[in-house]
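S.K.: Please see the structure below; I have some questions.
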Amino acid sequence: MKKEQKHETDYIRKYQEEGYTANFLFDGGALLDSETKYAYTPEEIFIVAHHRYEGMSDPDDMSILYIIETADKKKGTHLLGYGPTADLEEAEFFKDIPEENYSTNADIHKLT
């Protein structure tokens, strides 16, 4: 039996239940906490996990859900589009996060 692919919202809900409730937005070259408006630099971001998605009906519909903890202990999520429609500045921001800020098992493929 083929395993059903989870949707981004399934993971977001699951991580919210685990305390990852902050919503991070990309604006002006920084990742903003939507509540406090604090602008995080790449060095202040730690990637706990990330999940990649491709649209079933549209291959250009691609995204990555990042599960994030910050240097000041905020926990939340950020959804990044990638592929042909990606925001290059936003993609560069995530490339600039130091490698040591990625969990050793950040690329997980199932719900925890």
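Scheme for the structure tokens: letters A, B, ... for chains in order shown; per-chain residue numbers from 1; ligand numbers from 1 in order shown.
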Using DSSP on the backbone coordinates, identify all residues within range 20-107 of chain A classified as strand (DSSP E or B); present the result as a count of residues only.

M.R.: 40

S.K.: Please provide as a PyMOL selection string all residues within 8 Å of Glu69 in chain A, with the sequence filter that same-chain residues fewer than 4 positions apart are discarded (counting only C-alpha atoms).

M.R.: chain A and resi 45-48+73-76

S.K.: Keeping C-alpha atoms for every residue in the selection just given, could you write it to a file as an mmCIF file, in the first residue's frame?

M.R.:
```
data_model
loop_
_atom_site.group_PDB
_atom_site.id
_atom_site.type_symbol
_atom_site.label_atom_id
_atom_site.label_comp_id
_atom_site.auth_asym_id
_atom_site.auth_seq_id
_atom_site.Cartn_x
_atom_site.Cartn_y
_atom_site.Cartn_z
ATOM 1 C CA ILE A 45 18.066 30.588 13.478
ATOM 2 C CA PHE A 46 18.304 26.865 14.267
ATOM 3 C CA ILE A 47 16.619 24.343 11.964
ATOM 4 C CA VAL A 48 15.114 21.454 13.920
ATOM 5 C CA LYS A 73 14.143 30.187 22.434
ATOM 6 C CA LYS A 74 11.171 31.018 20.157
ATOM 7 C CA LYS A 75 9.797 27.915 18.437
ATOM 8 C CA GLY A 76 7.794 28.031 15.230
#
```

S.K.: Determine which residues of range 13-107 of chain A DSSP labels as helix (DSSP H, G or I) from the backbone of this structure, then write them out as an MDAnalysis selection string.

M.R.: chainID A and resid 13:17 42:44 88:95 99:101

S.K.: List as a PyMOL selection string the protein and nucleic acid residues near Glu43 in chain A, meaning an atom at most 10 Å away when only C-alpha atoms are counted, but skip any in the same chain fewer than 5 places from it.

M.R.: chain A and resi 70-71+96-101

S.K.: Quick one: of A:Asn23, A:Ala49, A:Tyr11, A:Pro42, who's nearest to Thr104 in chain A, counting only C-alpha atoms?

M.R.: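 Distance minimum relative to Thr104 in chain A lands on A:Ala49.
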
S.K.: Using only C-alpha atoms, find the one residue out of A:Leu25, A:Leu32, A:Leu80, A:Ala39 that sits nearest to Arg52 in chain A.

M.R.: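 For Arg52 in chain A, the nearest of the candidates is A:Leu80.
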